[in-house]
Structure formats: structure tokens, C-alpha cells
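Q: Sharing a structure with you now.
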Amino acid sequence: MERGPREDLELELSADTGAAAWIAPRLTGGFGAVTRTVPDGFPAYARIFHPAPGPNGGWVRWEEVARTTGAHVHAVMQWHALVGAQDWLNMTDSQWPGGNPERGNLGVELLNNLCQLLAQHTNTPEHCYFCIWEGYGWLGSDKLTAANPRVHLPWRDYILLIGSLAKVTSSCWYTAHRQSPNLFWSADWLWCVASEIDFDSTLVAGSASLIEAIVESRLFEAWRVGPDDSLAADADRVNGRR
């Protein structure tokens with residue numbers, strides 16, 4: 001029998017896949033649209049850019065990369081266009097001497113900061129749902145995980161976990177593999193967050209006040225985006241024409 005969330009426990013596997021039933025009908029819009037990744041119907045949306053490895057170590061923001069490559073920062077910029085690469089999957093002609101931001105994974109410090117902020121914008125911070133894409137190889141070695149029911153959404157199937165926002169980065173799957181949730185939301189549906197495996201940024205759907213707090217915070221490099229804004233590889237019409 002599934003146990004309910006408790007503050008003193010890490011995230012637990014959940015068979016309650018019906019908790020995700022509200023999401024699929026609200027994944028709308030054209031290819032690459034924000035609301036093909038996070039549900040539509042929220043008052044506001046933000047895009048958090050994953051930092052890139054710097055040429056001398058550490059992490060840098062995309063705005064710093066743009067100063068090096070002569071590109072322009074904007075809400076729907078694409079990494080390959082920012083660094084002058086012709087192919088979004090091949091960075092051999094990149095003008096950036098550092099590394100590339102990680103796809104589908106929000107780093108531990110940013111994830112902690114985001115969860116602390118999200119907790120202030122829900123009535124159920126101890127009762128949240130977390131989805132991990134089933135395609136990660138390390139999940140297949142866990143018998144419990146292999147037998148657990150999947151959340152089926154368009155284009156992706158996920159393992160479902162349940163618990164407190166405060167327990168995300170102390171959970172065993174995170175400490176062992178450093179994988180942030182690919183999709184998570186509060187039980188009261190006041191926000192939803194997605195780190196889609198093909199994206200080098202994280203999308204947040206929520207209230208206007210939550211999105212304002214994210215965008216205005218210096219803890220994140222984030223821009224407001226609209227529900228129909230495209231994050232497809234060819235969406236950067238500013239830097240893509242250089």
C-alpha cells in the first residue's frame with residue numbers, strides 16, 4: 001500500500017499515475033511551443049537557462065557567453081545560435097571556448113533555489129509529484145522502478161515519485177545520479193516545472209507573482225515567455241541570421 005508523503009521521508013515511488021491525468025489534455029500548441037512541455041492555462045511562464053561551463057572552470061550565464069560571441073540575449077534564444085554553431089547537435093564550430101549547458105537537468109544549486117521559491121507559492125509544499133524520464137539507463141537496474149506504473153504523456157513516459165519539495169536533492173535517486181526531475185508539480189496545481197530532456201533550459205508555469213519572482217531574482221538567469229513561444233531549434237531568429 002502506498003504511503004502518503006511525510007516530511008521525514010525522502011521522495012517515494014508512487015503508483016498514483018492518475019495524479020498526472022490533468023497534464024496531457026493541457027499540452028497544446030505547435031511544435032516547440034512552451035505549452036507542449038508545460039501545461040497551458042497558467043497565468044504566466046518563465047524560462048530558466050541552464051548555465052554553461054566556463055573556459056576556466058565554474059559556470060557562466062548565457063548573457064556572458066553572448067558578450068564573447070557577439071550574440072544577443074532574448075527569451076527564445078537557442079544555444080547553438082548563441083555560440084555560432086550551424087547544427088544544434090554539433091558544437092564543433094562553436095565560438096564559445098567553454099562547454100555546453102546540460103540538457104534535461106537543472107543543477108543542484110539552482111534546483112534547491114527554485115524549490116525554496118516554489119514552496120512559497122503552493123499550499124502543498126509537502127505534497128508534490130515528481131516525474132523522471134524512464135529512458136535513463138540507471139533506472140533499469142532498479143527492480144522496484146522497473147515494475148512501477150508509468151505516467152504516459154505525449155512523447156515521454158515517466159517514473160512517478162511523491163513527497164516534499166524540501167526532499168528533492170536529498171533523495172537517493174538524486175544523490176546517486178544528480179538528475180533533477182524532468183517534470184514536477186504541486187498537488188494544488190498552482191505551478192508546474194519541466195526540464196525536458198532535449199532542452200538546455202527549464203520551463204516554469206505558474207502565477208504571475210511566482211514568475212515575476214523567478215525573473216527578478218538574481219539567483220536565476222530567466223526570462224518571461226509566452227505559452228505559444230517556440231523553443232524549437234530554429235526558433236532563434238535573432239542570432240540564427242548572423
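Convention: chains lettered A, B, ... in C-alpha cells order; per-chain residue numbering from 1; ligands numbered from 1 as shown.
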Give one line per residue of range 179-205 of chain A that approaches range 21-44 of chain A to at most 9 Å, naming the two atoms of the closest pair and their distance in Å to one decimal, counting only C-alpha atoms; sort by chain then ascending residue number and deliver it as CSV.
A:
residue,atom,partner,partner_atom,distance
A:Leu183,CA,A:Val38,CA,8.4
A:Leu190,CA,A:Phe42,CA,8.3
A:Trp191,CA,A:Phe42,CA,7.8
A:Cys192,CA,A:Val38,CA,6.6
A:Val193,CA,A:Val38,CA,6.8
A:Ala194,CA,A:Val38,CA,6.3
A:Ser195,CA,A:Thr37,CA,8.6
A:Glu196,CA,A:Thr37,CA,7.0
A:Leu203,CA,A:Val38,CA,7.0
A:Val204,CA,A:Val38,CA,7.3
A:Ala205,CA,A:Phe42,CA,6.0
Q: Emit the selected residues as a PDB file, in the first residue's frame, including C-alpha atoms.
A:
ATOM      1  CA  LEU A 183       8.572  17.266 -14.675  1.00  0.00           C
ATOM      2  CA  LEU A 190      -0.550  26.098  -8.666  1.00  0.00           C
ATOM      3  CA  TRP A 191       2.609  25.552 -10.708  1.00  0.00           C
ATOM      4  CA  CYS A 192       4.337  23.036 -12.945  1.00  0.00           C
ATOM      5  CA  VAL A 193       8.029  22.765 -13.825  1.00  0.00           C
ATOM      6  CA  ALA A 194       9.653  20.914 -16.725  1.00  0.00           C
ATOM      7  CA  SER A 195      13.286  20.168 -17.596  1.00  0.00           C
ATOM      8  CA  GLU A 196      12.562  18.465 -20.914  1.00  0.00           C
ATOM      9  CA  LEU A 203      10.240  25.944 -18.009  1.00  0.00           C
ATOM     10  CA  VAL A 204       8.035  27.088 -15.130  1.00  0.00           C
ATOM     11  CA  ALA A 205       4.282  27.638 -15.394  1.00  0.00           C
TER      12      ALA A 205
END
Q: Would you list the contacts of range 102-106 of chain A as a PyMOL selection string, taking every protein, DNA or RNA residue within 10 Å and counting only C-alpha atoms, but skipping same-chain residues closer than 2 positions in sequence?
A: chain A and resi 48-53+99-100+108-112+114+133+178-183+194-202
Q: Going by DSSP on the backbone, which residues of chain A come out as helix (DSSP H, G or I)? List them as a VMD selection string.
A: chain A and resid 17 to 20 24 to 26 34 to 36 62 to 69 79 to 82 108 to 119 137 to 141 143 to 147 165 to 170 172 to 177 208 to 216
Q: If I take CA of Asp236 in chain A and CA of Glu216 in chain A, how far is one from the other in Å, to one decimal?
A: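 Interatomic distance, CA of Asp236 in chain A to CA of Glu216 in chain A: 22.9 Å.
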Q: Measuring atom to atom with only C-alpha atoms, identify which of A:Glu10, A:Gln95, A:Pro227, A:Arg150 is nearest to Ile132 in chain A.
A: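 Answer, going by the shortest atom-to-atom distance: A:Arg150.
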Q: Among range 17-234 of chain A, which ones does DSSP assign to strand (DSSP E or B) (computed from the backbone)? Answer as an MDAnalysis selection string.
A: chainID A and resid 33 44:49 52:53 55 57 59:60 87 90 128:133 150:153 156:163 183:186 192:194 201:206 222:225 230
Q: How far is it from CA of Asp93 in chain A to CA of Ala75 in chain A, in Å with one decimal?
A: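 Separation of CA of Asp93 in chain A and CA of Ala75 in chain A: 23.5 Å.
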Q: Excluding Asn148 in chain A and any residue of its chain fewer than 4 positions from it, enumerate the residues within 10 Å of it, using only C-alpha atoms, and give them as a PyMOL selection string.
A: chain A and resi 13-17+143-144+158-160
Q: Nearest to Ala213 in chain A: which of A:His80, A:Arg67, A:His121, A:Arg61 is it, counting only C-alpha atoms?
A: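 The closest residue to Ala213 in chain A is A:His121.
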Q: How far is it from CA of Asp188 in chain A to CA of Tyr45 in chain A, in Å with one decimal?
A: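 These two atoms are separated by 17.4 Å.
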Q: Neighbours of Val73 in chain A within 7 Å (only C-alpha atoms; same-chain residues fewer than 3 positions away dropped), as a PDB file with N, CA and C atoms, in the first residue's frame?
A:
ATOM      1  N   GLU A  63      24.197  35.213 -20.915  1.00  0.00           N
ATOM      2  CA  GLU A  63      24.487  36.609 -21.226  1.00  0.00           C
ATOM      3  C   GLU A  63      25.995  36.856 -21.298  1.00  0.00           C
ATOM      4  N   ALA A  66      27.143  35.421 -24.615  1.00  0.00           N
ATOM      5  CA  ALA A  66      26.766  36.331 -25.703  1.00  0.00           C
ATOM      6  C   ALA A  66      27.772  37.469 -25.849  1.00  0.00           C
ATOM      7  N   MET A  77      16.175  32.583 -27.213  1.00  0.00           N
ATOM      8  CA  MET A  77      17.490  32.289 -27.809  1.00  0.00           C
ATOM      9  C   MET A  77      17.801  30.803 -27.697  1.00  0.00           C
TER      10      MET A  77
END
Q: Which residue out of A:Leu89, A:Ala176, A:Val65, A:Ala222 has the minimum interatomic distance to Arg47 in chain A when only C-alpha atoms are used?
A: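 Selected residue with least distance to Arg47 in chain A: A:Ala222.
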Q: What's around Gly98 in chain A at 12 Å? Count only C-alpha atoms, leave out sequence neighbours fewer than 2 positions away in its own chain, and write the answer as a list of chain:residue names.
A: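 Residues near the query, excluding close chain neighbours: A:Pro51, A:Ala52, A:Pro53, A:Gly54, A:Pro55, A:Asn56, A:Gly57, A:Gly58, A:Trp59, A:Val60, A:Arg61, A:Trp62, A:Glu64, A:Val65, A:Thr68, A:Thr69, A:Val83, A:Met91, A:Thr92, A:Ser94, A:Gln95, A:Trp96, A:Asn100, A:Pro101.
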